[in-house]
>>> print(open('input.cif').read())   # mmCIF, C-alpha atoms
data_start
loop_
_atom_site.group_PDB
_atom_site.id
_atom_site.type_symbol
_atom_site.label_atom_id
_atom_site.label_comp_id
_atom_site.auth_asym_id
_atom_site.auth_seq_id
_atom_site.Cartn_x
_atom_site.Cartn_y
_atom_site.Cartn_z
ATOM 1 C CA MET C 1 151.111 19.081 212.715
ATOM 2 C CA THR C 2 148.629 21.228 210.859
ATOM 3 C CA ASP C 3 145.903 18.597 211.037
ATOM 4 C CA ASP C 4 146.743 17.757 214.648
ATOM 5 C CA LEU C 5 146.512 21.419 215.591
ATOM 6 C CA ASP C 6 143.154 21.710 213.873
ATOM 7 C CA ILE C 7 141.930 18.662 215.772
ATOM 8 C CA LEU C 8 143.187 20.042 219.072
ATOM 9 C CA LEU C 9 141.630 23.435 218.423
ATOM 10 C CA SER C 10 138.329 21.841 217.442
ATOM 11 C CA GLU C 11 138.016 19.915 220.685
ATOM 12 C CA PRO C 12 134.954 21.152 222.574
ATOM 13 C CA LEU C 13 135.555 23.387 225.561
ATOM 14 C CA ASP C 14 135.519 21.704 228.958
ATOM 15 C CA ASP C 15 132.121 21.438 230.595
ATOM 16 C CA VAL C 16 131.635 23.844 233.474
ATOM 17 C CA ALA C 17 129.451 22.445 236.265
ATOM 18 C CA ASP C 18 126.484 24.634 237.125
ATOM 19 C CA ASP C 19 127.090 24.519 240.902
ATOM 20 C CA GLY C 20 124.306 26.969 241.673
ATOM 21 C CA PHE C 21 125.304 29.468 238.978
ATOM 22 C CA SER C 22 121.901 29.389 237.236
ATOM 23 C CA ALA C 23 120.103 29.703 240.573
ATOM 24 C CA ARG C 24 122.138 32.810 241.430
ATOM 25 C CA ILE C 25 121.239 34.399 238.090
ATOM 26 C CA LEU C 26 117.540 33.692 238.604
ATOM 27 C CA ALA C 27 117.655 34.993 242.168
ATOM 28 C CA GLY C 28 119.197 38.218 240.849
ATOM 29 C CA ILE C 29 116.467 38.555 238.229
ATOM 30 C CA GLU C 30 113.718 37.952 240.798
ATOM 31 C CA ARG C 31 115.271 40.485 243.171
ATOM 32 C CA LYS C 32 115.393 43.113 240.457
ATOM 33 C CA ALA C 33 111.770 42.426 239.479
ATOM 34 C CA TRP C 34 110.701 42.766 243.133
ATOM 35 C CA TRP C 35 112.426 46.117 243.457
ATOM 36 C CA ARG C 36 111.085 47.364 240.128
ATOM 37 C CA GLU C 37 107.547 46.575 241.261
ATOM 38 C CA ARG C 38 108.058 48.410 244.570
ATOM 39 C CA VAL C 39 109.620 51.446 242.901
ATOM 40 C CA THR C 40 106.759 51.608 240.371
ATOM 41 C CA MET C 41 104.171 51.514 243.168
ATOM 42 C CA LEU C 42 106.066 54.151 245.137
ATOM 43 C CA ALA C 43 106.310 56.412 242.091
ATOM 44 C CA ALA C 44 102.567 56.037 241.488
ATOM 45 C CA ALA C 45 101.828 56.861 245.125
ATOM 46 C CA VAL C 46 104.058 59.948 245.038
ATOM 47 C CA ALA C 47 102.443 61.127 241.792
ATOM 48 C CA ALA C 48 98.965 60.624 243.271
ATOM 49 C CA ALA C 49 99.918 62.523 246.427
ATOM 50 C CA ALA C 50 101.263 65.392 244.329
ATOM 51 C CA VAL C 51 98.074 65.651 242.267
ATOM 52 C CA LEU C 52 95.586 65.184 245.114
ATOM 53 C CA PRO C 53 95.648 68.763 246.508
ATOM 54 C CA PHE C 54 94.576 70.120 243.107
ATOM 55 C CA VAL C 55 91.569 67.822 242.701
ATOM 56 C CA PRO C 56 88.249 69.424 243.660
ATOM 57 C CA ALA C 57 86.640 67.616 246.599
ATOM 58 C CA ALA C 58 83.476 66.880 244.572
ATOM 59 C CA GLU C 59 85.477 64.952 241.962
ATOM 60 C CA LEU C 60 87.621 63.030 244.423
ATOM 61 C CA GLY C 61 85.416 59.936 244.220
ATOM 62 C CA ALA C 62 85.561 59.802 240.422
ATOM 63 C CA VAL C 63 89.330 60.312 240.381
ATOM 64 C CA ALA C 64 89.827 57.593 243.023
ATOM 65 C CA PHE C 65 87.653 55.247 240.954
ATOM 66 C CA ALA C 66 89.668 55.973 237.788
ATOM 67 C CA ALA C 67 92.974 55.507 239.609
ATOM 68 C CA GLY C 68 91.750 52.204 241.080
ATOM 69 C CA ALA C 69 90.641 50.949 237.674
ATOM 70 C CA LEU C 70 93.991 51.917 236.163
ATOM 71 C CA THR C 71 95.914 50.138 238.938
ATOM 72 C CA LEU C 72 93.808 46.981 238.544
ATOM 73 C CA THR C 73 94.373 47.032 234.766
ATOM 74 C CA PHE C 74 98.149 47.272 235.181
ATOM 75 C CA ALA C 75 98.136 44.523 237.833
ATOM 76 C CA PHE C 76 96.013 42.269 235.605
ATOM 77 C CA GLU C 77 98.283 42.893 232.617
ATOM 78 C CA GLN C 78 101.343 42.031 234.749
ATOM 79 C CA ARG C 79 99.671 38.779 235.930
ATOM 80 C CA LEU C 80 98.853 37.837 232.345
ATOM 81 C CA ARG C 81 102.434 38.456 231.290
ATOM 82 C CA ASP C 82 103.778 36.332 234.159
ATOM 83 C CA ALA C 83 101.295 33.488 233.623
ATOM 84 C CA MET T 1 108.767 32.275 240.151
ATOM 85 C CA SER T 2 107.199 33.952 237.108
ATOM 86 C CA ALA T 3 106.875 32.089 233.806
ATOM 87 C CA ASP T 4 109.239 34.630 232.270
ATOM 88 C CA ALA T 5 111.947 33.909 234.838
ATOM 89 C CA GLU T 6 111.357 30.175 234.551
ATOM 90 C CA SER T 7 111.815 30.094 230.781
ATOM 91 C CA PHE T 8 114.860 32.339 231.038
ATOM 92 C CA GLY T 9 116.180 29.954 233.706
ATOM 93 C CA ARG T 10 115.991 27.133 231.193
ATOM 94 C CA LEU T 11 118.084 29.194 228.771
ATOM 95 C CA VAL T 12 120.651 29.934 231.469
ATOM 96 C CA ARG T 13 120.938 26.261 232.442
ATOM 97 C CA GLU T 14 121.244 25.250 228.807
ATOM 98 C CA HIS T 15 123.972 27.732 227.825
ATOM 99 C CA GLN T 16 125.881 28.524 231.022
ATOM 100 C CA SER T 17 128.565 25.884 230.516
ATOM 101 C CA ARG T 18 129.631 26.974 227.015
ATOM 102 C CA LEU T 19 129.444 30.656 227.859
ATOM 103 C CA ARG T 20 131.477 30.295 231.054
ATOM 104 C CA ALA T 21 134.032 28.089 229.287
ATOM 105 C CA PHE T 22 134.361 30.707 226.504
ATOM 106 C CA LEU T 23 134.863 33.480 229.057
ATOM 107 C CA ARG T 24 137.383 31.382 230.990
ATOM 108 C CA ARG T 25 139.422 31.102 227.850
ATOM 109 C CA LEU T 26 139.166 34.847 227.229
ATOM 110 C CA THR T 27 140.244 35.613 230.790
ATOM 111 C CA ARG T 28 143.074 33.074 230.524
ATOM 112 C CA GLY T 29 141.543 30.749 233.098
ATOM 113 C CA ASP T 30 140.421 33.305 235.692
ATOM 114 C CA ALA T 31 137.284 31.386 236.692
ATOM 115 C CA ALA T 32 136.020 33.980 239.195
ATOM 116 C CA LEU T 33 136.269 36.847 236.716
ATOM 117 C CA ALA T 34 134.800 34.697 233.944
ATOM 118 C CA ASP T 35 131.821 33.836 236.148
ATOM 119 C CA ASP T 36 131.292 37.495 237.075
ATOM 120 C CA LEU T 37 131.273 38.381 233.382
ATOM 121 C CA ALA T 38 128.929 35.470 232.617
ATOM 122 C CA GLN T 39 126.537 36.651 235.333
ATOM 123 C CA GLU T 40 126.561 40.209 233.948
ATOM 124 C CA THR T 41 126.029 38.776 230.470
ATOM 125 C CA PHE T 42 122.928 36.826 231.479
ATOM 126 C CA LEU T 43 121.472 39.741 233.441
ATOM 127 C CA GLU T 44 122.007 42.072 230.489
ATOM 128 C CA ALA T 45 120.497 39.484 228.140
ATOM 129 C CA HIS T 46 117.415 39.244 230.358
ATOM 130 C CA ARG T 47 117.094 43.019 230.461
ATOM 131 C CA LYS T 48 117.440 43.328 226.688
ATOM 132 C CA LEU T 49 115.489 40.223 225.734
ATOM 133 C CA ALA T 50 112.859 42.335 223.978
ATOM 134 C CA GLN T 51 115.604 43.822 221.783
ATOM 135 C CA PHE T 52 116.689 40.394 220.542
ATOM 136 C CA GLU T 53 115.500 40.525 216.953
ATOM 137 C CA GLY T 54 115.927 36.840 216.219
ATOM 138 C CA ARG T 55 118.141 37.545 213.205
ATOM 139 C CA GLY T 56 120.832 35.198 214.489
ATOM 140 C CA SER T 57 120.620 32.542 217.146
ATOM 141 C CA PHE T 58 120.031 33.414 220.770
ATOM 142 C CA VAL T 59 123.393 31.848 221.678
ATOM 143 C CA SER T 60 125.287 34.019 219.180
ATOM 144 C CA TRP T 61 123.566 37.080 220.611
ATOM 145 C CA LEU T 62 124.544 35.925 224.117
ATOM 146 C CA PHE T 63 128.181 35.427 223.103
ATOM 147 C CA GLY T 64 128.173 38.902 221.561
ATOM 148 C CA ILE T 65 127.085 40.390 224.886
ATOM 149 C CA ALA T 66 129.758 38.342 226.683
ATOM 150 C CA TRP T 67 132.436 39.636 224.307
ATOM 151 C CA SER T 68 131.431 43.270 224.820
ATOM 152 C CA ARG T 69 131.351 42.706 228.605
ATOM 153 C CA PHE T 70 134.855 41.286 228.370
ATOM 154 C CA LEU T 71 136.044 44.306 226.378
ATOM 155 C CA MET T 72 134.507 46.691 228.920
ATOM 156 C CA GLU T 73 136.316 44.873 231.719
ATOM 157 C CA ARG T 74 139.563 45.008 229.761
ATOM 158 C CA ARG T 75 139.176 48.768 229.270
ATOM 159 C CA ARG T 76 138.404 49.160 232.967
ATOM 160 C CA ARG T 77 141.604 47.334 233.903
ATOM 161 C CA LYS T 78 143.869 49.390 231.671
ATOM 162 C CA GLU T 79 146.774 48.885 234.001
ATOM 163 C CA GLU T 80 146.382 45.120 233.924
ATOM 164 C CA PRO T 81 145.316 44.046 230.445
ATOM 165 C CA LEU T 82 143.319 40.849 230.410
ATOM 166 C CA GLY T 83 144.083 39.813 226.888
ATOM 167 C CA GLU T 84 147.737 40.472 226.367
ATOM 168 C CA ILE T 85 150.667 38.707 227.885
ATOM 169 C CA GLU T 86 154.329 39.504 227.533
ATOM 170 C CA ASP T 87 156.167 37.019 225.400
ATOM 171 C CA THR T 88 158.392 36.206 228.340
ATOM 172 C CA ALA T 89 155.460 34.964 230.376
ATOM 173 C CA PHE T 90 154.262 31.389 230.283
ATOM 174 C CA VAL T 91 157.512 30.097 228.842
ATOM 175 C CA ASP T 92 157.363 26.353 229.163
ATOM 176 C CA PRO T 93 160.813 24.770 229.425
ATOM 177 C CA ARG T 94 159.488 21.347 228.348
ATOM 178 C CA PRO T 95 159.703 20.338 224.721
ATOM 179 C CA ALA T 96 156.578 21.284 222.881
ATOM 180 C CA ALA T 97 154.104 18.440 222.767
ATOM 181 C CA GLU T 98 150.853 18.310 220.907
ATOM 182 C CA THR T 99 148.699 18.096 223.959
ATOM 183 C CA ARG T 100 145.626 19.975 224.903
ATOM 184 C CA LEU T 101 147.463 21.563 227.797
ATOM 185 C CA ASP T 102 150.059 22.960 225.418
ATOM 186 C CA VAL T 103 147.304 24.422 223.296
ATOM 187 C CA GLU T 104 145.782 26.078 226.371
ATOM 188 C CA ARG T 105 149.175 27.494 227.324
ATOM 189 C CA GLY T 106 149.708 28.693 223.789
ATOM 190 C CA MET T 107 146.234 30.232 223.717
ATOM 191 C CA ALA T 108 147.091 32.235 226.810
ATOM 192 C CA ARG T 109 149.901 33.902 224.872
ATOM 193 C CA LEU T 110 147.658 35.032 222.032
ATOM 194 C CA SER T 111 145.791 38.305 221.974
ATOM 195 C CA ALA T 112 142.219 38.239 223.277
ATOM 196 C CA GLU T 113 140.928 38.824 219.743
ATOM 197 C CA GLU T 114 142.875 35.844 218.426
ATOM 198 C CA ARG T 115 141.740 33.652 221.332
ATOM 199 C CA ALA T 116 138.122 34.649 220.819
ATOM 200 C CA ALA T 117 138.225 34.136 217.051
ATOM 201 C CA LEU T 118 139.964 30.756 217.300
ATOM 202 C CA THR T 119 137.653 29.535 220.069
ATOM 203 C CA LEU T 120 134.500 30.584 218.260
ATOM 204 C CA CYS T 121 135.576 29.180 214.888
ATOM 205 C CA TYR T 122 137.131 25.940 216.101
ATOM 206 C CA ALA T 123 135.915 24.812 219.541
ATOM 207 C CA LEU T 124 132.437 26.313 219.242
ATOM 208 C CA GLY T 125 132.035 25.561 215.542
ATOM 209 C CA TYR T 126 130.910 28.980 214.314
ATOM 210 C CA SER T 127 131.574 30.082 210.757
ATOM 211 C CA HIS T 128 133.851 33.071 210.200
ATOM 212 C CA GLY T 129 130.775 35.121 209.343
ATOM 213 C CA GLU T 130 128.982 34.176 212.550
ATOM 214 C CA ALA T 131 132.111 34.902 214.587
ATOM 215 C CA ALA T 132 132.339 38.307 212.881
ATOM 216 C CA GLY T 133 128.772 39.017 214.000
ATOM 217 C CA ILE T 134 129.487 37.947 217.571
ATOM 218 C CA LEU T 135 132.734 39.918 217.821
ATOM 219 C CA ASP T 136 131.303 42.866 215.902
ATOM 220 C CA MET T 137 134.292 42.860 213.545
ATOM 221 C CA PRO T 138 134.583 42.828 209.759
ATOM 222 C CA LEU T 139 134.795 39.349 208.276
ATOM 223 C CA GLY T 140 138.328 39.954 206.998
ATOM 224 C CA THR T 141 139.515 40.964 210.465
ATOM 225 C CA VAL T 142 138.142 37.767 211.998
ATOM 226 C CA LYS T 143 139.785 35.697 209.268
ATOM 227 C CA SER T 144 143.132 37.352 209.879
ATOM 228 C CA HIS T 145 142.814 36.855 213.669
ATOM 229 C CA VAL T 146 142.122 33.167 213.064
ATOM 230 C CA LEU T 147 145.019 32.831 210.621
ATOM 231 C CA ARG T 148 147.496 34.780 212.732
ATOM 232 C CA GLY T 149 146.463 33.042 215.970
ATOM 233 C CA ARG T 150 146.740 29.659 214.333
ATOM 234 C CA GLU T 151 150.171 30.448 212.886
ATOM 235 C CA LYS T 152 151.413 31.668 216.266
ATOM 236 C CA LEU T 153 150.102 28.552 217.985
ATOM 237 C CA LYS T 154 151.674 26.356 215.346
ATOM 238 C CA ALA T 155 155.035 28.055 215.870
ATOM 239 C CA MET T 156 154.746 27.656 219.636
ATOM 240 C CA LEU T 157 153.874 23.982 219.450
ATOM 241 C CA GLU T 158 156.377 22.936 216.863
ATOM 242 C CA PRO T 159 159.624 21.540 218.280
#
>>> encode(input="input.cif", output="structure tokens")
Amino acid sequence: MTDDLDILLSEPLDDVADDGFSARILAGIERKAWWRERVTMLAAAVAAAAVLPFVPAAELGAVAFAAGALTLTFAFEQRLRDA
Amino acid sequence: MSADAESFGRLVREHQSRLRAFLRRLTRGDAALADDLAQETFLEAHRKLAQFEGRGSFVSWLFGIAWSRFLMERRRRKEEPLGEIEDTAFVDPRPAAETRLDVERGMARLSAEERAALTLCYALGYSHGEAAGILDMPLGTVKSHVLRGREKLKAMLEP
């Protein structure tokens, strides 16, 4: 009995067919990534809008250039990570 | 699809069957609940992938997340415990036979801790030490769950 029980307990668990399970997980991950990207962009836009009134008009061009460079750097880094 | 999602997808496809089967045993065959827990497990694993320190195997880490998800669900359903069953339930009038089905029925009468420990150490082939890591329990506790669960099963299956 003891040996038989050990054998029975050691039998591998039944296979569970994927049936779209993996695809659902990946879709969920993609959806979350999409939202995260949008929320990040929105947060950046809100922060920029909040700061803008305090930037002297003469320095607006330089600030816009710096913000653009920063955005491009983040976008490039994201692309590299995804590649 | 990003490369990150693609490589994680390979991990999901590779391990989904064992993880879902483990959770089905923990939930006493509730496939829908087991799949919900498996989905939460994979999403949490993806979120925390950077925290995986590579000290154990990825699969052990995944099973550890699944176990803690199961425990959270059990706490949430206080009024309807997932792991425990009254001794009067699942009484099989047939004479005990050494079949796989009998083992599954017997398993359903064990505590969740005993089911998890027995499944990890026997069906999934983990050592007691690895199972202790997955279940976040002291080694001695895992050993006693295995021993006690096995003794209970033996008593249930013996004529």
>>> resolve_selection(input="input.cif", expression="the PyMOL selection byres ((chain T) within 8 of (chain C))", output="PyMOL selection string")
chain T and resi 1-5+9+12-13+16-18+20-22+39+42-43+46+98-100+103+118-119+122-125+154+158
>>> resolve_selection(input="input.cif", expression="the PyMOL selection byres ((chain T and resi 110) around 12)", output="count of residues only")
40
>>> closest_residue(input="input.cif", among="T:Met137, T:Ser7, T:Asp102, T:Leu19", to="Ser60 in chain T", atoms="all atoms listed in the file")
T:Leu19
>>> resolve_selection(input="input.cif", expression="the PyMOL selection byres ((chain T and resi 66) around 8)", output="ChimeraX atom specification")
/T:19,23,37-38,41,62-65,67-70
>>> atom_distance(input="input.cif", atom1="CA of Ile134 in chain T", atom2="CA of Trp61 in chain T")
6.7 Å
>>> axis_aligned_box(input="input.cif", around="range 5-19 of chain T", padding_each_side="6 Å", output="lines of an AutoDock Vina configuration file")
center_x = 120.5
center_y = 29.6
center_z = 230.9
size_x = 30.3
size_y = 20.7
size_z = 19.8
